[in-house]
Amino acid sequence: MIRSQIHSLFEKGRIKGFTSQEVYYQESKKLAISVFNGQVDKFTLSEDGGMSYRVIYHGKMGYAYSERFDDEAIEMLLDEAFGNAEVIESEDEVFLHDGSGTYTKIDDFNPELSKQPIDDKIKFLVDLESELKAHDSRIKRLSYNNYVEVESSRLIINTEGLDVEDKSNYCLAYAMPVVQSNGDTRTGLGYDIGNDFYTLSSSKIIMDAAKESLGMLGAEPITSKTCPVVVKNEAFAQLFSAYMGIFSADRVQKDISTLKGKIGQIIASEMITLVEDPHMSGAMASSSFDSEGVPTASKRIIEKGVLKTYLYNLKTARKDGIESTGNASKGSYKGTIGTAPSNIYIEPGKVSFDEMIGIIDEGVFITGFQGLHAGIDSISGDFSLQCHGFEVKNGKLGKPVSQITVSGNFFEMLKAIDAIGDDLVFSIMASDFMGAPSMSINKMAISGI
Amino acid sequence: MLEQQLVREVLLAALSKGGDYAEIYVEDRFNTSIEMIKGKVEKTLSGRDYGVGIRIFNGLNSVYTYTNNSNPFNLMDVAKKASIALKGIPLNAKIDFVMDSVNIRHTVKRDPKSVSKNLKVDLMRKGFEAAYGYDSRVNQVVVNYIDYTQNVLIANSEGKFVEDERTRTRYTVSAVAEKNGGMQTGSIGKGSGKGFELYDEIDVAHIGREAARIACTMLEARPAPSGKFPVVIDNKFGGVIFHEACGHGLEATSVAKGNSVFAGKLGQKIASDIVTAVDDGTVVNGWGSANFDDEGSPTRRNVLIENGVLKSYMIDKLNGRRMNMPSTGSARRQSYKFAPTSRMTNTYILNGSSKFEDMIQSVEKGLYAKYLGGGSVNTATGEFNFAVQEGYMIENGKITAPVKGATLIGTGVDILNRIEMVSDNFESGEGMCGSISGSIPAGLGQPAIKVSEITVGGREEA
């Protein structure tokens, strides 16, 4: 059905004078369940799809998209793509991928997931809620207790010979308890993710959520100081991921990345190696091709502190006279092409968490940041972020700390890393599917009272 | 958009296996966005969103489903499936639609769809030239333009049947200034519920110059101090402090289940006497305004806090059931892909009687936050944060050196009581707000306010 519509669109586009054309078609199915006080209080079931259309006309790329595919919508796509190409002034050379290259097969789709009974999924949440409440009397209620299941498929076809498609799915359960004691209220998050509902672990969710929320009870600010800081693995992944744009060749070429001209130079501690692996099994951002249909490949972006490459799509690679690194990205069919990594992580070190904390006389262990979308400047690298965690005193974790901020500069921080933990963990809370070990930084500014 | 007869049948199908309330939301939206980098149009995108969302209540429980296949057979099928998911008791419903008289408050004089892209590009070039020519240290300028027209049809089993059209336009300039390898940014934007006529009323060159001025000023800024200080937060986008510190905590989304520090506090004093705040979805052509909310209720001006006393929450129908309170016309959603919930529209602290100059003079050592960036809040604990884009030290009653990298943090309950002075220079600003029903345009605004003490997250020991 969709293929025949695409071919008829291409035929009309050819007559309109487009020299190359491409369709990116995406479909998704979603199930979301929320349980509150033992009852399903919200239940969402949906199916949707959309088409992104891009064309080359007089050497310029024009984009348009639609969620309808009737005749009127097809005319709109043709006219808008034409009109959008006409106003482009950028002189960068644009072209479409011809389908060449070696595609690594990714077999992560689980056809059983959507067949696993909804009643089991509801029961999981009902049990999760009651077990969490029973876990500790200070847990008063859950502000979130949700299950989400998403299945999505992509199809990219163009007039240059590209024809690729893939399908992926995942399920996610998460809970956020609200805990109270002596008039103090705290929250925490526990989640588990995978592509087989029956492997989701409610005990993991309960342990993580309870530990995070209860551990923060009684937290207070500390006095402002500059001191050693250990950043928890997941929190570090979130902070790093918020800066991911600096590796985009697009930003480098537009003079809005400090990494311009830094290939081959030291940009981080020599302990840091940053790896992108689009073919990792069981990871959330695996794929055999990027959003332009170019085959993906593993690479080291930083190797022992040295910047090895930027992330490229077709256009930015051509501008630098190299091949695309397979990092074209598209938020959805509604977006234009940008760049982003797939599964990305900082290689773990050999230092255990206890060893890392053990050598600090007086410092702070940060377990989470808030306001990452607002408190960072990806151009200057400066950040000032609300955070929480624990005091470190004489080599041991002490009292919980909140209502403090940590400030610094991302580029300076990467060079000031003292130790890298052995506890690599991926976070779904980061902007990318990013993994990091815990990091020890010799000096950061903490602001409190 | 859809025939009344089909809408009625879909609603009846949605109630066929149970449920006491059904609602349909049909959305047809046309978007245009253009990006100009260093004076050249780099990207343009336009497209059409179209979809239908169906929601059913059974007491406090709800089912939501959406599709972008509006074929009548598919809609009936989707509605029936949703009904089955609810597991309720079948109801013999009968629906008689009453068309709400359309009182279009937000008229659009110049539909942006009818304006050629070249005119939009010319407008962007003006902002670029003003920013790029401002100072030789400005080495990059990005100008973004968006507009959209969203048509919605909302009908429910109580007989409500309304249609509304929302037009939005937005223009943003980001400038990057560079000196000795260091780079700083400045961003200024203007958004509106007006059509293209907005640009007859505002000077986009001024937006460009302001963005460049901030970037250049920040090049000379030193790191902000650490610790607790009095802070004067200026008008316009300064309103983000109330949006984060209090606004989210007054949405039924968090109040209904008790996940807000402000739950159960109606009629109580939660802020200092000089604070009066409203959420007003009726502001003519406001960035967060509409004729009807996304459940089809007329929007209203809700007084949230009057002279420090909590007067009202912002309530949608579903959470209203849990709270035993009627809707306040506050239901909003990004698109048909989200079930609506209570959200802010245009949220303002109203003018007080202090003078801006007196506020500054009253501070011996503190911070003046001229332009704020974004922020976030945890409504259960009330802890919030937001970034200062352009800040200055106040020393001995005078605004002195610029400072960078200051995030302000606190808890809503504490900060509201520490608002010591409210000035008389109210102006509004526009932001995008993200929450469980998606990312939506949210208006905010205030006169300059003085907070007696707030934690400033800088790098320099004071």
# chains A, B, ... in the order shown; residues from 1 in each chain; ligands from 1

$ interface_residues --of "chain B" --to "chain A" --cutoff "6 Å" --atoms "only C-alpha atoms" --output "MDAnalysis selection string"
chainID B and resid 40:42 44:50 61:68 183:184 226:228 374:376 381 387 405 407 457 459

$ residues_around --residues "Leu86 in chain B" --least-positions-apart "2" --cutoff "7 Å" --atoms "only C-alpha atoms" --output "PyMOL selection string"
chain B and resi 18-19+63+82-84+88

$ write_last_selection --atoms "N, CA and C atoms" --output "PDB file, in the first residue's frame"
ATOM      1  N   GLY B  18     -19.279   0.630  28.247  1.00  0.00           N
ATOM      2  CA  GLY B  18     -19.151   1.205  29.583  1.00  0.00           C
ATOM      3  C   GLY B  18     -18.518   2.566  29.535  1.00  0.00           C
ATOM      4  N   GLY B  19     -18.431   3.189  30.691  1.00  0.00           N
ATOM      5  CA  GLY B  19     -17.895   4.547  30.730  1.00  0.00           C
ATOM      6  C   GLY B  19     -19.029   5.524  30.908  1.00  0.00           C
ATOM      7  N   VAL B  63      -9.506   6.147  29.592  1.00  0.00           N
ATOM      8  CA  VAL B  63      -8.833   5.474  28.493  1.00  0.00           C
ATOM      9  C   VAL B  63      -8.625   6.515  27.407  1.00  0.00           C
ATOM     10  N   ALA B  82     -11.284   1.049  22.528  1.00  0.00           N
ATOM     11  CA  ALA B  82     -11.033   1.842  23.729  1.00  0.00           C
ATOM     12  C   ALA B  82     -12.086   1.518  24.781  1.00  0.00           C
ATOM     13  N   SER B  83     -13.311   1.370  24.320  1.00  0.00           N
ATOM     14  CA  SER B  83     -14.408   1.074  25.222  1.00  0.00           C
ATOM     15  C   SER B  83     -14.188  -0.263  25.935  1.00  0.00           C
ATOM     16  N   ILE B  84     -13.722  -1.251  25.167  1.00  0.00           N
ATOM     17  CA  ILE B  84     -13.464  -2.570  25.758  1.00  0.00           C
ATOM     18  C   ILE B  84     -12.395  -2.465  26.838  1.00  0.00           C
ATOM     19  N   GLY B  88     -16.032  -1.193  31.791  1.00  0.00           N
ATOM     20  CA  GLY B  88     -17.070  -0.558  32.598  1.00  0.00           C
ATOM     21  C   GLY B  88     -18.409  -1.235  32.397  1.00  0.00           C
TER      22      GLY B  88
END

$ select_by_dssp --residues "range 165-305 of chain B" --states "helix (DSSP H, G or I)" --output "PyMOL selection string"
chain B and resi 198-201+204-219+236-245+247-250+252-255

$ write_last_selection --atoms "C-alpha atoms" --output "compact mmCIF listing (two decimals), in the first residue's frame"
# COMPACT_ATOMS: atom_id res chain seq x y z
CA LEU B 198 2.67 40.79 14.65
CA TYR B 199 5.59 41.94 12.54
CA ASP B 200 3.94 45.29 11.82
CA GLU B 201 3.96 45.87 15.56
CA VAL B 204 12.77 42.44 14.68
CA ALA B 205 16.02 44.41 14.36
CA HIS B 206 15.66 45.22 18.05
CA ILE B 207 15.38 41.49 18.81
CA GLY B 208 18.59 40.92 16.84
CA ARG B 209 20.46 43.72 18.62
CA GLU B 210 19.31 42.54 22.05
CA ALA B 211 20.56 38.99 21.36
CA ALA B 212 23.92 40.36 20.20
CA ARG B 213 24.14 42.75 23.13
CA ILE B 214 23.62 39.91 25.63
CA ALA B 215 26.26 37.71 23.92
CA CYS B 216 28.81 40.56 23.94
CA THR B 217 28.01 41.55 27.52
CA MET B 218 28.46 37.98 28.70
CA LEU B 219 31.93 37.87 27.09
CA LYS B 236 8.92 39.70 30.86
CA PHE B 237 10.47 36.22 30.83
CA GLY B 238 11.37 36.79 34.50
CA GLY B 239 7.91 35.34 35.07
CA VAL B 240 9.50 31.91 34.69
CA ILE B 241 10.20 32.07 38.44
CA PHE B 242 6.48 31.97 39.27
CA HIS B 243 5.85 29.42 36.50
CA GLU B 244 8.35 26.99 38.08
CA ALA B 245 8.19 27.89 41.77
CA GLY B 247 2.50 27.51 38.73
CA HIS B 248 3.19 23.81 38.13
CA GLY B 249 2.32 23.08 41.74
CA LEU B 250 -1.15 24.63 41.25
CA ALA B 252 -4.57 19.76 39.11
CA THR B 253 -2.21 17.39 37.31
CA SER B 254 -0.12 17.34 40.49
CA VAL B 255 -2.68 18.57 43.05

$ residues_around --residues "Tyr368 in chain B" --least-positions-apart "3" --cutoff "7 Å" --atoms "only C-alpha atoms" --output "JSON, numbers by chain"
{"B": [231, 232, 233, 391, 392, 393, 394]}

$ atom_distance --atom1 "CA of Asn351 in chain B" --atom2 "CA of Gln268 in chain B"
21.5 Å

$ residues_around --residues "Ala406 in chain B" --least-positions-apart "4" --cutoff "6 Å" --atoms "only C-alpha atoms" --output "list in words"
Ala224, Val388, Gly457 and Gly458 of chain B

$ residues_around --residues "His135 in chain A" --least-positions-apart "6" --cutoff "10 Å" --atoms "only C-alpha atoms" --output "PyMOL selection string"
chain A and resi 129+206-207+210

$ write_last_selection --atoms "C-alpha atoms" --output "short mmCIF file (atom, residue, chain, number, x, y, z; two decimals), in the first residue's frame"
data_model
loop_
_atom_site.label_atom_id
_atom_site.label_comp_id
_atom_site.auth_asym_id
_atom_site.auth_seq_id
_atom_site.Cartn_x
_atom_site.Cartn_y
_atom_site.Cartn_z
CA GLU A 129 2.34 -0.31 43.69
CA ILE A 206 11.40 -1.19 43.98
CA MET A 207 15.00 -1.27 45.21
CA ALA A 210 13.11 3.14 47.46
#

$ residues_around --residues "Glu355 in chain A" --least-positions-apart "4" --cutoff "10 Å" --atoms "only C-alpha atoms" --output "NGL selection string"
:A and (350-351 or 359-360 or 395-396 or 419 or 421)

$ residues_around --residues "Gln238 in chain A" --least-positions-apart "4" --cutoff "12 Å" --atoms "only C-alpha atoms" --output "tab-separated table (two decimals) with C-alpha atoms, in the first residue's frame"
chain	number	residue	atom	x	y	z
A	231	VAL	CA	29.36	12.14	39.96
A	232	LYS	CA	27.24	8.97	39.89
A	233	ASN	CA	27.37	6.98	36.63
A	234	GLU	CA	23.81	7.71	35.45
A	242	ALA	CA	23.33	17.28	27.36
A	243	TYR	CA	26.56	18.43	25.67
A	244	MET	CA	26.45	15.88	22.82
A	344	ILE	CA	27.20	5.76	23.15
A	345	TYR	CA	29.30	5.25	26.26
A	367	THR	CA	23.52	11.38	42.41
A	368	GLY	CA	21.32	13.57	40.21
A	369	PHE	CA	21.04	16.88	38.34
A	370	GLN	CA	17.91	18.94	37.68
A	371	GLY	CA	17.19	21.44	34.91
A	372	LEU	CA	19.78	20.07	32.46
A	373	HIS	CA	17.90	21.73	29.59
A	376	ILE	CA	24.04	24.36	30.70
A	425	VAL	CA	25.64	1.99	33.40
A	426	PHE	CA	23.39	3.20	30.57
A	427	SER	CA	20.73	5.76	31.35
A	428	ILE	CA	17.40	6.19	29.59
A	429	MET	CA	17.07	9.57	31.30
A	430	ALA	CA	19.88	11.02	29.19
A	431	SER	CA	19.14	12.77	25.89
A	432	ASP	CA	20.90	9.92	24.07
A	433	PHE	CA	21.04	6.27	25.08
A	434	MET	CA	24.26	6.97	26.90
A	435	GLY	CA	26.35	5.01	29.36
A	436	ALA	CA	29.00	6.22	31.77
A	437	PRO	CA	30.87	5.01	34.82
A	438	SER	CA	31.00	7.14	37.98
